[in-house]
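With TSV, C-alpha atoms and all ligand atoms inside, this is start.tsv:
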chain	number	residue	atom	x	y	z
F	29	MET	CA	-30.22	-0.52	-9.36
F	30	LEU	CA	-33.13	-2.96	-9.72
F	31	ALA	CA	-32.43	-3.09	-13.44
F	32	ALA	CA	-28.83	-4.08	-12.70
F	33	VAL	CA	-29.96	-6.85	-10.33
F	34	ALA	CA	-32.41	-8.15	-12.96
F	35	ALA	CA	-29.72	-8.03	-15.65
F	36	PHE	CA	-27.27	-9.85	-13.34
F	37	ALA	CA	-29.82	-12.62	-12.69
F	38	ALA	CA	-30.70	-12.90	-16.38
F	39	LEU	CA	-27.01	-13.10	-17.32
F	40	ALA	CA	-26.47	-15.84	-14.71
F	41	GLY	CA	-29.21	-17.87	-16.38
F	42	LEU	CA	-27.79	-17.35	-19.86
F	43	VAL	CA	-24.25	-18.31	-18.79
F	44	ALA	CA	-25.38	-21.41	-16.88
F	45	SER	CA	-27.60	-22.59	-19.74
F	46	GLY	CA	-24.76	-22.27	-22.26
F	47	ALA	CA	-26.55	-19.64	-24.37
F	48	LEU	CA	-23.42	-17.45	-24.28
F	49	THR	CA	-20.80	-20.23	-24.48
F	50	ARG	CA	-20.11	-19.53	-28.15
F	51	LEU	CA	-19.35	-15.89	-27.36
F	52	ASP	CA	-16.97	-16.81	-24.52
F	53	GLN	CA	-15.34	-19.53	-26.65
F	54	TRP	CA	-14.83	-17.00	-29.44
F	55	ALA	CA	-13.10	-14.66	-26.96
F	56	VAL	CA	-10.89	-17.52	-25.72
F	57	ASP	CA	-9.88	-18.33	-29.32
F	58	HIS	CA	-9.42	-14.83	-30.69
F	59	ALA	CA	-9.31	-12.12	-28.02
F	60	MET	CA	-6.90	-13.31	-25.30
F	61	PRO	CA	-3.47	-12.47	-26.78
F	62	PHE	CA	-1.76	-12.33	-23.34
F	63	ALA	CA	-3.24	-15.57	-22.04
F	64	GLY	CA	-1.11	-18.47	-21.00
F	65	GLY	CA	-0.06	-20.40	-17.96
F	66	SER	CA	-2.32	-22.35	-15.70
F	67	SER	CA	-5.83	-23.48	-16.58
F	68	ARG	CA	-6.78	-24.40	-13.02
F	69	PRO	CA	-8.68	-22.13	-10.64
F	70	PRO	CA	-6.56	-20.12	-8.16
F	71	ARG	CA	-5.91	-21.82	-4.82
F	72	PHE	CA	-7.11	-20.11	-1.64
F	73	LEU	CA	-3.73	-18.58	-0.77
F	74	GLU	CA	-3.28	-17.38	-4.35
F	75	SER	CA	-6.54	-15.50	-4.21
F	76	VAL	CA	-5.68	-13.90	-0.84
F	77	VAL	CA	-1.95	-13.07	-1.17
F	78	PRO	CA	-1.31	-10.36	-3.82
F	79	LEU	CA	0.81	-11.53	-6.79
F	80	LEU	CA	1.51	-14.99	-5.29
F	81	HIS	CA	2.51	-17.23	-8.25
F	82	ALA	CA	1.56	-14.39	-10.62
F	83	GLN	CA	2.53	-14.88	-14.29
F	84	PHE	CA	4.50	-12.03	-15.88
F	85	HIS	CA	4.88	-13.59	-19.33
F	86	PRO	CA	3.99	-12.45	-21.90
F	87	PRO	CA	4.55	-8.79	-20.82
F	88	GLY	CA	0.85	-8.03	-21.42
F	89	ALA	CA	-0.02	-10.51	-18.66
F	90	GLY	CA	2.40	-8.73	-16.32
F	91	ILE	CA	0.80	-5.38	-17.12
F	92	ALA	CA	-2.61	-6.90	-16.42
F	93	GLN	CA	-1.35	-8.24	-13.06
F	94	ILE	CA	-0.21	-4.77	-12.00
F	95	VAL	CA	-3.14	-2.72	-13.36
F	96	THR	CA	-5.75	-5.04	-11.80
F	97	LEU	CA	-3.92	-5.23	-8.45
F	98	PRO	CA	-6.27	-2.73	-6.67
F	99	GLY	CA	-9.08	-5.20	-7.39
F	100	GLN	CA	-7.29	-7.99	-5.49
F	101	VAL	CA	-9.23	-9.23	-2.43
F	102	VAL	CA	-7.10	-7.79	0.38
F	103	ILE	CA	-5.97	-4.65	-1.43
F	104	SER	CA	-9.50	-3.74	-2.61
F	105	PHE	CA	-10.81	-4.18	0.93
F	106	LEU	CA	-8.12	-1.87	2.33
F	107	LEU	CA	-8.80	0.76	-0.35
F	108	VAL	CA	-12.54	0.66	0.41
F	109	VAL	CA	-11.78	1.01	4.14
F	110	VAL	CA	-9.64	4.10	3.40
F	111	ALA	CA	-12.45	5.65	1.32
F	112	ALA	CA	-15.06	4.76	3.97
F	113	TRP	CA	-12.88	6.34	6.64
F	114	ARG	CA	-12.53	9.52	4.64
F	115	LEU	CA	-16.30	9.66	3.99
F	116	ARG	CA	-17.14	8.55	7.56
F	117	LYS	CA	-19.47	6.02	5.96
F	118	ALA	CA	-19.25	2.32	6.85
F	119	THR	CA	-21.85	1.45	4.19
F	120	TRP	CA	-18.99	1.17	1.66
F	121	ILE	CA	-17.45	-1.64	3.69
F	122	ALA	CA	-20.83	-3.35	4.08
F	123	ALA	CA	-21.39	-3.09	0.32
F	124	TRP	CA	-17.97	-4.68	-0.37
F	125	VAL	CA	-18.68	-7.55	2.02
F	126	ALA	CA	-22.18	-8.16	0.62
F	127	ALA	CA	-21.01	-8.03	-3.01
F	128	VAL	CA	-18.10	-10.41	-2.41
F	129	ALA	CA	-20.44	-12.81	-0.58
F	130	VAL	CA	-22.80	-12.83	-3.57
F	131	GLU	CA	-19.84	-13.34	-5.92
F	132	LEU	CA	-18.55	-16.34	-3.92
F	133	ALA	CA	-22.04	-17.86	-3.76
F	134	PHE	CA	-22.41	-17.69	-7.55
F	135	ARG	CA	-18.87	-18.99	-8.09
F	136	HIS	CA	-19.81	-22.08	-6.07
F	137	LEU	CA	-23.30	-22.59	-7.44
F	138	LEU	CA	-22.91	-21.74	-11.10
F	139	THR	CA	-20.90	-23.94	-13.48
F	140	ARG	CA	-20.70	-22.95	-17.14
F	141	PRO	CA	-20.32	-25.44	-20.00
F	142	ALA	CA	-16.64	-26.22	-20.69
F	143	LEU	CA	-14.43	-23.80	-22.65
F	144	TYR	CA	-11.35	-25.11	-24.51
F	145	ARG	CA	-7.99	-23.81	-25.68
F	146	ASN	CA	-6.25	-26.03	-28.24
F	147	GLY	CA	-8.42	-28.92	-27.18
F	148	VAL	CA	-7.58	-28.51	-23.48
F	149	HIS	CA	-10.53	-27.98	-21.12
F	150	LEU	CA	-9.95	-24.67	-19.28
F	151	VAL	CA	-11.12	-25.79	-15.84
F	152	ALA	CA	-10.66	-22.34	-14.31
F	153	PHE	CA	-13.44	-20.91	-16.47
F	154	ASP	CA	-15.98	-23.50	-15.29
F	155	THR	CA	-16.50	-21.51	-12.09
F	156	SER	CA	-15.20	-18.06	-13.03
F	157	TRP	CA	-18.59	-16.30	-13.31
F	158	PRO	CA	-18.88	-13.52	-12.16
F	159	SER	CA	-15.45	-11.85	-12.18
F	160	GLY	CA	-14.47	-10.90	-8.63
F	161	HIS	CA	-11.70	-8.67	-9.97
F	162	ALA	CA	-14.15	-6.67	-12.12
F	163	LEU	CA	-16.59	-6.49	-9.20
F	164	ARG	CA	-14.07	-5.32	-6.61
F	165	SER	CA	-12.37	-2.90	-9.02
F	166	ALA	CA	-15.73	-1.26	-9.74
F	167	ILE	CA	-16.46	-0.88	-6.02
F	168	VAL	CA	-12.95	0.51	-5.40
F	169	ALA	CA	-13.37	3.01	-8.25
F	170	ALA	CA	-16.80	4.12	-6.97
F	171	ALA	CA	-15.60	4.43	-3.35
F	172	LEU	CA	-12.46	6.38	-4.25
F	173	ALA	CA	-14.44	8.63	-6.62
F	174	ALA	CA	-16.91	9.40	-3.83
F	175	ALA	CA	-14.08	10.18	-1.41
F	176	TRP	CA	-12.04	12.19	-3.93
F	177	PRO	CA	-14.45	13.50	-6.62
F	178	ARG	CA	-11.70	15.18	-8.66
F	179	PHE	CA	-10.36	11.71	-9.56
F	180	HIS	CA	-13.67	10.64	-11.14
F	181	ILE	CA	-12.32	10.54	-14.69
F	182	PRO	CA	-8.95	8.84	-14.08
F	183	LEU	CA	-10.75	6.22	-11.95
F	184	GLY	CA	-13.22	5.62	-14.77
F	185	VAL	CA	-10.36	5.20	-17.24
F	186	TRP	CA	-8.60	2.80	-14.86
F	187	LEU	CA	-11.77	0.72	-14.46
F	188	ALA	CA	-12.17	0.48	-18.24
F	189	ALA	CA	-8.52	-0.64	-18.49
F	190	VAL	CA	-9.10	-3.28	-15.81
F	191	ALA	CA	-12.11	-4.67	-17.68
F	192	ALA	CA	-10.16	-4.82	-20.96
F	193	LEU	CA	-6.99	-6.34	-19.45
F	194	LEU	CA	-8.86	-9.03	-17.48
F	195	GLU	CA	-10.15	-10.27	-20.83
F	196	LEU	CA	-7.00	-9.75	-22.94
F	197	ALA	CA	-4.83	-11.52	-20.35
F	198	GLY	CA	-7.24	-14.43	-20.25
F	199	PHE	CA	-8.07	-14.03	-16.55
F	200	HIS	CA	-11.77	-13.85	-17.37
F	201	THR	CA	-14.24	-14.26	-20.22
F	202	PRO	CA	-16.39	-11.33	-21.39
F	203	THR	CA	-19.51	-12.63	-19.63
F	204	ASP	CA	-17.53	-12.96	-16.36
F	205	ILE	CA	-16.51	-9.32	-16.55
F	206	VAL	CA	-19.99	-8.02	-17.42
F	207	GLY	CA	-21.38	-10.13	-14.55
F	208	GLY	CA	-18.92	-8.61	-12.09
F	209	LEU	CA	-19.67	-5.06	-13.20
F	210	LEU	CA	-23.45	-5.65	-13.03
F	211	LEU	CA	-23.11	-7.05	-9.52
F	212	ALA	CA	-21.15	-3.95	-8.46
F	213	THR	CA	-23.88	-1.73	-9.88
F	214	GLY	CA	-26.58	-3.87	-8.27
F	215	THR	CA	-25.14	-3.60	-4.79
F	216	SER	CA	-25.30	0.15	-5.36
F	217	ALA	CA	-22.35	0.60	-3.05
F	218	GLY	CA	-22.67	3.34	-0.51
F	219	ARG	CA	-25.72	5.22	-1.67
F	220	THR	CA	-26.97	7.66	0.94
F	221	MET	CA	-30.74	7.57	1.36
F	222	VAL	CA	-32.49	10.92	1.54
F	223	LYS	CA	-36.11	10.54	2.61
F	224	VAL	CA	-38.24	13.10	0.79
F	225	THR	CA	-41.76	13.69	2.06
F	226	SER	CA	-44.00	16.20	0.32
F	227	GLY	CA	-47.38	17.71	1.05
F	228	GLN	CA	-49.43	20.83	0.48
F	229	PHE	CA	-47.24	22.88	0.51
F	230	PHE	CA	-43.86	21.72	1.77
F	231	TRP	CA	-40.85	19.49	1.10
F	232	SER	CA	-39.14	17.70	3.97
F	233	LEU	CA	-35.71	16.16	3.30
F	234	VAL	CA	-33.93	13.93	5.82
F	235	PRO	CA	-30.99	14.41	5.87
F	236	ASN	CA	-30.96	17.81	4.16
F	237	ARG	CA	-27.17	17.98	3.86
F	238	VAL	CA	-24.50	15.64	2.46
F	239	PRO	CA	-20.76	16.00	1.72
F	240	ALA	CA	-19.70	16.66	-1.89
F	241	GLY	CA	-19.20	13.50	-3.93
F	242	THR	CA	-22.00	11.60	-2.20
F	243	ARG	CA	-23.98	9.10	-4.25
F	244	VAL	CA	-27.51	9.98	-3.15
F	245	ARG	CA	-30.75	8.07	-3.53
F	246	PHE	CA	-33.79	10.31	-3.05
F	247	ASP	CA	-36.74	8.23	-1.82
F	248	VAL	CA	-39.71	10.40	-2.69
F	249	THR	CA	-43.31	10.21	-1.51
F	250	SER	CA	-46.32	12.43	-0.76
F	251	ILE	CA	-48.80	12.58	2.11
F	252	ASP	CA	-51.68	14.06	0.09
F	253	VAL	CA	-51.83	14.73	-3.66
F	254	ASN	CA	-49.31	14.25	-6.48
F	255	HIS	CA	-46.34	16.61	-6.46
F	256	GLY	CA	-43.33	16.85	-8.74
F	257	PHE	CA	-39.91	16.63	-7.07
F	258	GLY	CA	-37.52	18.78	-9.09
F	259	LEU	CA	-33.89	19.27	-7.98
F	260	TYR	CA	-31.94	22.30	-9.22
F	261	ASP	CA	-28.16	22.63	-8.91
F	262	PRO	CA	-26.50	25.79	-7.49
F	263	HIS	CA	-26.60	27.34	-11.01
F	264	GLY	CA	-30.36	26.86	-11.27
F	265	HIS	CA	-30.25	23.97	-13.75
F	266	LEU	CA	-32.76	21.17	-13.28
F	267	ILE	CA	-30.62	18.05	-12.70
F	268	GLY	CA	-33.29	15.49	-11.82
F	269	SER	CA	-36.99	15.03	-11.26
F	270	VAL	CA	-39.38	12.32	-10.14
F	271	GLN	CA	-43.07	12.21	-9.25
F	272	ALA	CA	-44.02	12.40	-5.56
F	273	MET	CA	-47.13	10.24	-5.20
F	274	PRO	CA	-49.19	9.25	-2.14
F	275	GLY	CA	-48.72	5.55	-1.36
F	276	TYR	CA	-45.63	5.19	-3.59
F	277	HIS	CA	-41.89	5.54	-3.03
F	278	ASN	CA	-40.18	6.70	-6.21
F	279	GLU	CA	-36.40	6.80	-6.39
F	280	LEU	CA	-33.99	9.24	-7.96
F	281	ASP	CA	-30.24	8.40	-7.98
F	282	LEU	CA	-27.72	11.21	-8.37
F	283	THR	CA	-24.05	11.76	-7.55
F	284	LEU	CA	-23.76	15.26	-6.14
F	285	SER	CA	-20.17	16.37	-6.74
F	286	GLU	CA	-20.55	20.13	-6.70
F	287	PRO	CA	-20.80	21.87	-3.33
F	288	GLY	CA	-23.50	24.49	-2.89
F	289	VAL	CA	-27.14	25.07	-2.11
F	290	TYR	CA	-29.47	23.00	-4.30
F	291	ARG	CA	-33.12	24.00	-4.62
F	292	ILE	CA	-36.20	21.80	-4.69
F	293	ARG	CA	-39.26	23.03	-6.55
F	294	CYS	CA	-42.60	21.45	-7.22
F	295	LEU	CA	-43.12	20.55	-10.90
F	296	GLU	CA	-46.76	19.51	-10.60
F	297	LEU	CA	-49.61	22.01	-10.15
F	298	CYS	CA	-50.81	20.77	-6.78
F	299	GLY	CA	-53.02	23.52	-5.39
F	300	LEU	CA	-53.30	27.14	-4.45
F	301	ASN	CA	-49.81	27.67	-3.01
F	302	HIS	CA	-48.01	25.36	-5.47
F	303	ALA	CA	-45.63	28.14	-6.52
F	304	THR	CA	-44.38	28.60	-2.97
F	305	MET	CA	-43.55	24.92	-2.54
F	306	GLU	CA	-39.76	25.16	-2.27
F	307	ASN	CA	-36.95	23.94	-0.07
F	308	THR	CA	-33.17	23.62	-0.21
F	309	PHE	CA	-30.63	20.80	0.02
F	310	THR	CA	-27.01	21.50	0.89
F	311	VAL	CA	-23.94	19.79	-0.57
F	312	ALA	CA	-21.09	20.68	1.76
F	313	PRO	CA	-17.48	21.02	0.56
F	314	GLN	CA	-15.21	18.27	1.86
N	1	CU	CU	-46.94	21.43	-6.20
Would you put the structure from the file into structure tokens?
Amino acid sequence: MLAAVAAFAALAGLVASGALTRLDQWAVDHAMPFAGGSSRPPRFLESVVPLLHAQFHPPGAGIAQIVTLPGQVVISFLLVVVAAWRLRKATWIAAWVAAVAVELAFRHLLTRPALYRNGVHLVAFDTSWPSGHALRSAIVAAALAAAWPRFHIPLGVWLAAVAALLELAGFHTPTDIVGGLLLATGTSAGRTMVKVTSGQFFWSLVPNRVPAGTRVRFDVTSIDVNHGFGLYDPHGHLIGSVQAMPGYHNELDLTLSEPGVYRIRCLELCGLNHATMENTFTVAPQ
């Protein structure tokens, strides 16, 4: 998550300084076969009302309008609310609000050097970083996948299609889209914190139970010596590990889709009763 925030900030600097303008200009010239229509930024109503003044020519632009519709401001918010309701977790809504606020701030503050099509300055791209559509689509996909884990793969395919069509239809440049996706990753929408405290010779996990499909962040520390936090799935496979160290909080991010009893074992020889240092973590079916 911190890496995504750092990458987002670095990309903002590169876009503003013009270091990536040649890449975006290349995409405008050669990789936007469905582009056309207006070169001005969307007006307020156009960004709020779905499909208001939408262009459906060429057909590829129409397809892009439809496929990216769940990433529209109002529709994406409603979809995130539905997922949050199903998961009983308002953090998804908070993540959407925070991410969109960051997006709007950067849209106002950051102006990229001009991009041109056939000699015409494309004003819309001056303030199009980062892509709100890519951002909101990524949050929608993550929220729906958490609420309905069996749709993980189709949602991933849809998100990839959104990213490609935003570019092909000329709605956004490649750096816009990468910026939007990084921001979505950086806000780490809806991760559930599990506080893990270890000591000779116990593991304490709060909470010790989450619903299937939860994106979990284990925040791991120790009250005495170094321990090794190792998480085993219901089949006994090690699926993640991180050091538990006194004075430090180390993080482990996992999406736990499979219901069952997960086991925690210590992976660091920590004293006489090291081998008995076990606990369980339950992933409940939805
Ligand atoms: Cu140990």
Task: Residues within 10 Å of ligand CU 1 (chain N), counting all atoms listed in the file, as a ChimeraX atom specification - done: /F:226-231,253-257,272,293-306
Spatial neighbours of Asn278 of chain F, 7 Å, only C-alpha atoms, chain gap at least 4 places, as a compact mmCIF listing (two decimals) with C-alpha atoms, in the frame of the given file:
# COMPACT_ATOMS: atom_id res chain seq x y z
CA ASP F 247 -36.74 8.23 -1.82
CA VAL F 248 -39.71 10.40 -2.69
CA THR F 249 -43.31 10.21 -1.51
CA VAL F 270 -39.38 12.32 -10.14
CA GLN F 271 -43.07 12.21 -9.25
CA ALA F 272 -44.02 12.40 -5.56
- [ ] Pick out the closest residue to Tyr276 of chain F from this set: F:Val244, F:Leu259, F:Thr225, F:Leu115. Count all atoms listed in the file.
- [x]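 Of all the options, F:Thr225 lies closest to Tyr276 of chain F.
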Task: For Leu79 of chain F, the nearest of the candidates F:Ala162, F:Val95, F:Leu143, F:Leu132, counting all atoms listed in the file - done: F:Val95
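We find atom CA of Gly184 of chain F and atom CA of Ala35 of chain F to be spaced 21.4 Å apart.
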TODO: Choose the residue, out of F:Ser45, F:Gln53, F:Thr310, F:Thr201, that has the smallest atom-to-atom separation from Arg145 of chain F; count all atoms listed in the file.
DONE: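 Checking each of F:Ser45, F:Gln53, F:Thr310, F:Thr201 against Arg145 of chain F, counting all atoms listed in the file, the winner is F:Gln53.
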Task: Distance query Ala126 of chain F at most 8 Å, only C-alpha atoms, self and fewer than 4 positions along chain excluded, as a list in words - done: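 These residues fall inside the cut-off: Ala122, Val130 and Thr215 of chain F.
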TODO: Using only C-alpha atoms, determine which residues lie at most 12 Å from segment 282-288 of chain F, disregarding the query and same-chain residues fewer than 3 positions distant; provide the list as a PyMOL selection string.
DONE: chain F and resi 170-171+173-180+216+218-222+237-247+259-264+267-270+279+291+308-314
TODO: May I ask which of the residues F:Leu39, F:Val151, F:Ala34, F:Leu183 is the closest one to Gly207 of chain F, counting only C-alpha atoms?
DONE: F:Leu39
Open item on the list: What does the structure give for the distance between atom CA of Val43 of chain F and atom CA of Gly208 of chain F, in Å to one decimal?
Closed with: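 Going from atom CA of Val43 of chain F over to atom CA of Gly208 of chain F covers 12.9 Å.
Here atom CA of Gly275 of chain F and atom CA of Asn236 of chain F stand 22.3 Å from one another.
Among F:Ile181, F:Leu196, F:Leu97, F:Ala40, the residue with the shortest atom-to-atom distance to Asp57 of chain F, counting only C-alpha atoms, is F:Leu196.
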Open item on the list: Taking 2 positions as the minimum chain separation for residues in the same chain, which residues sit within 12 Å of Asp52 of chain F when counting all atoms listed in the file? Answer as a ChimeraX atom specification.
Closed with: /F:42-43,46-50,54-60,140-145,150,153-154,156-157,195,198,200-206
Please list as a CSV table (one decimal) with C-alpha atoms, in the frame of the given file every residue within 12 Å of Ala123 of chain F, counting only C-alpha atoms and excluding residues in the same chain fewer than 3 positions away.
chain,number,residue,atom,x,y,z
F,105,PHE,CA,-10.8,-4.2,0.9
F,108,VAL,CA,-12.5,0.7,0.4
F,109,VAL,CA,-11.8,1.0,4.1
F,112,ALA,CA,-15.1,4.8,4.0
F,117,LYS,CA,-19.5,6.0,6.0
F,118,ALA,CA,-19.2,2.3,6.8
F,119,THR,CA,-21.8,1.4,4.2
F,120,TRP,CA,-19.0,1.2,1.7
F,126,ALA,CA,-22.2,-8.2,0.6
F,127,ALA,CA,-21.0,-8.0,-3.0
F,128,VAL,CA,-18.1,-10.4,-2.4
F,129,ALA,CA,-20.4,-12.8,-0.6
F,130,VAL,CA,-22.8,-12.8,-3.6
F,163,LEU,CA,-16.6,-6.5,-9.2
F,164,ARG,CA,-14.1,-5.3,-6.6
F,166,ALA,CA,-15.7,-1.3,-9.7
F,167,ILE,CA,-16.5,-0.9,-6.0
F,168,VAL,CA,-13.0,0.5,-5.4
F,170,ALA,CA,-16.8,4.1,-7.0
F,171,ALA,CA,-15.6,4.4,-3.4
F,211,LEU,CA,-23.1,-7.0,-9.5
F,212,ALA,CA,-21.2,-4.0,-8.5
F,213,THR,CA,-23.9,-1.7,-9.9
F,214,GLY,CA,-26.6,-3.9,-8.3
F,215,THR,CA,-25.1,-3.6,-4.8
F,216,SER,CA,-25.3,0.2,-5.4
F,217,ALA,CA,-22.4,0.6,-3.0
F,218,GLY,CA,-22.7,3.3,-0.5
F,219,ARG,CA,-25.7,5.2,-1.7
